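Notes for the one structure printed next.
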Amino acid sequence: MWRIRPDDLTGDAIRALVVEHLAHMHSLSPAESVHALDVSEMRHRGVTMFTAWDGTVLGGMAALQRLDRHHGELKSMRTTTAARGRGAGRALLLHILSAARAEGLSSLWLETGAEDEFTAARSLYAGEGFTECGPFADYVEDPLSVYMTRTL
């Protein structure tokens, strides 16, 4: 169904999805509560982007950022409007979990929104074993953020 592959962030479709993701995050939260990265920040931070494809149609993206030798962070998880409800998000999340294990990471962390708009995302993460926790890495307490982690 969904073919997941690493992405170098040079294609028009993925670049447009990153722009859409950032615009949507900024429409929901003030700038200080938006932690999504643009393409140049992803490259600078050494993020590995994965994309989900149905043939030649992009269905979504999710990135893995190594925090240190043992810990990683799920970044920029988003599906396209057309792919919502078709399993692209779960396929990407499962792929990220597998990639993190293959890299020898022992835990994965994420930050997502606290607003109702993020209920489905939080449910997806919880369904795959993530539990709420406090801020990690450089994050600070923020009423608009929910932090989650999972042991691998």
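In the structure tokens, each chain is lettered A, B, ... as it comes, each chain's residues begin at 1, and ligands are numbered from 1 in order of appearance.
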
### Task
Using DSSP on the backbone coordinates, identify all residues within chain A classified as strand (DSSP E or B); present the result as an MDAnalysis selection string.
chainID A and resid 3:7 48:54 57:66 71:79 107:113 131:133 145:151

Please produce, as a tab-separated table, a per-residue contact table for stretch 18-124 of chain A versus stretch 128-151 of chain A (criterion: any atom at most 8 Å away, only C-alpha atoms considered), showing the nearest atom pair and its distance in Å to one decimal, sorted by chain then residue number.
```
residue	atom	partner	partner_atom	distance
A:Ser29	CA	A:Leu144	CA	7.5
A:Ser33	CA	A:Leu144	CA	6.6
A:Leu67	CA	A:Ala137	CA	7.5
A:Ser106	CA	A:Thr151	CA	5.9
A:Ser107	CA	A:Thr151	CA	4.3
A:Leu108	CA	A:Arg150	CA	5.4
A:Trp109	CA	A:Thr149	CA	4.3
A:Leu110	CA	A:Met148	CA	5.3
A:Glu111	CA	A:Tyr147	CA	4.6
A:Thr112	CA	A:Val146	CA	5.3
A:Gly113	CA	A:Ser145	CA	4.7
A:Ala114	CA	A:Leu144	CA	4.9
A:Glu115	CA	A:Leu144	CA	6.7
A:Leu124	CA	A:Glu128	CA	6.5
```

Serialized selection, N, CA and C atoms, as a short mmCIF file (atom, residue, chain, number, x, y, z; two decimals), in the first residue's frame:
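Result written to selection20.cif:
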```
data_model
loop_
_atom_site.label_atom_id
_atom_site.label_comp_id
_atom_site.auth_asym_id
_atom_site.auth_seq_id
_atom_site.Cartn_x
_atom_site.Cartn_y
_atom_site.Cartn_z
N SER A 29 -0.74 28.12 16.44
CA SER A 29 0.01 28.45 17.65
C SER A 29 0.88 29.68 17.42
N SER A 33 5.63 28.68 20.21
CA SER A 33 5.12 27.34 20.47
C SER A 33 5.16 26.44 19.24
N LEU A 67 18.97 12.76 18.88
CA LEU A 67 19.24 13.73 19.95
C LEU A 67 20.62 13.48 20.56
N SER A 106 17.52 3.80 21.91
CA SER A 106 16.77 3.09 22.94
C SER A 106 15.44 3.76 23.27
N SER A 107 15.26 5.00 22.83
CA SER A 107 13.98 5.68 23.07
C SER A 107 13.74 6.72 21.99
N LEU A 108 12.48 7.01 21.82
CA LEU A 108 12.06 8.02 20.85
C LEU A 108 11.14 9.00 21.58
N TRP A 109 11.29 10.26 21.26
CA TRP A 109 10.56 11.34 21.91
C TRP A 109 9.85 12.15 20.85
N LEU A 110 8.82 12.91 21.26
CA LEU A 110 8.15 13.81 20.32
C LEU A 110 7.47 14.93 21.07
N GLU A 111 7.22 16.00 20.34
CA GLU A 111 6.42 17.13 20.82
C GLU A 111 5.30 17.30 19.83
N THR A 112 4.08 17.43 20.34
CA THR A 112 2.93 17.68 19.49
C THR A 112 2.05 18.71 20.17
N GLY A 113 1.03 19.14 19.47
CA GLY A 113 0.17 20.17 20.01
C GLY A 113 -0.82 19.66 21.05
N ALA A 114 -1.23 20.55 21.93
CA ALA A 114 -2.20 20.23 22.97
C ALA A 114 -3.63 20.54 22.53
N GLU A 115 -3.78 21.29 21.44
CA GLU A 115 -5.09 21.70 20.98
C GLU A 115 -5.87 20.51 20.41
N LEU A 124 -2.86 8.42 17.81
CA LEU A 124 -1.99 7.56 17.01
C LEU A 124 -0.73 7.22 17.80
#
```

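Considering only C-alpha atoms, the residue among A:Arg69, A:His44, A:Lys75, A:Arg84 positioned nearest to A:Glu103 is A:Arg69.
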
### Query
A:Leu58, A:Leu28, A:Leu64, A:Ala126: which is nearest A:Arg90, counting only C-alpha atoms?
A:Ala126

### Task
Pick out the residues sitting within 6 Å of stretch 45-51 of chain A, and hand them over as number ranges by chain; count only C-alpha atoms, and ignore anything fewer than 3 positions along from it in its own chain.
A: 4-7, 42, 60-65

### Task
Using DSSP on the backbone coordinates, identify the residues of chain A assigned to helix (DSSP H, G or I); present them as a ChimeraX atom specification.
/A:12-28,31-33,39-44,81-83,88-102,116-127

#### Entry: Of the listed residues A:Met77, A:Thr10, A:Leu17, A:His24, that which approaches A:Arg122 most closely, counting only C-alpha atoms
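Between A:Met77, A:Thr10, A:Leu17, A:His24, the residue approaching A:Arg122 most closely is A:Met77.
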
### Task
Rank A:Leu74, A:Ala52, A:Ala120, A:Leu152 by their smallest atom-to-atom distance to A:Leu37, using only C-alpha atoms, and report the top residue only.
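Of all the options, A:Leu74 lies closest to A:Leu37.
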
### Query
So, counting only C-alpha atoms, which residue among A:Asp12, A:Ser40, A:Glu117, A:Ala100 is closest to A:Glu73?
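So, comparing all the options, the nearest one is A:Ala100.
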
### Message
Rounded to one decimal, what separation in Å do you get between atom CA of A:Gly72 and atom CA of A:Gly127?
### Response
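About the pair atom CA of A:Gly72 and atom CA of A:Gly127: they are 18.9 Å apart.
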
#### Entry: Counting only C-alpha atoms, the option among A:Ser123, A:Thr56, A:Ser76, A:Thr81 closest to A:Val19
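With only C-alpha atoms as the atom set, the closest residue is A:Ser76.
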
### Message
Please report the interatomic distance between atom CA of A:Asp38 and atom CA of A:Arg15 in Å with one decimal.
### Response
8.9 Å

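Note that the spacing between atom CA of A:Ala82 and atom CA of A:His95 amounts to 20.2 Å.
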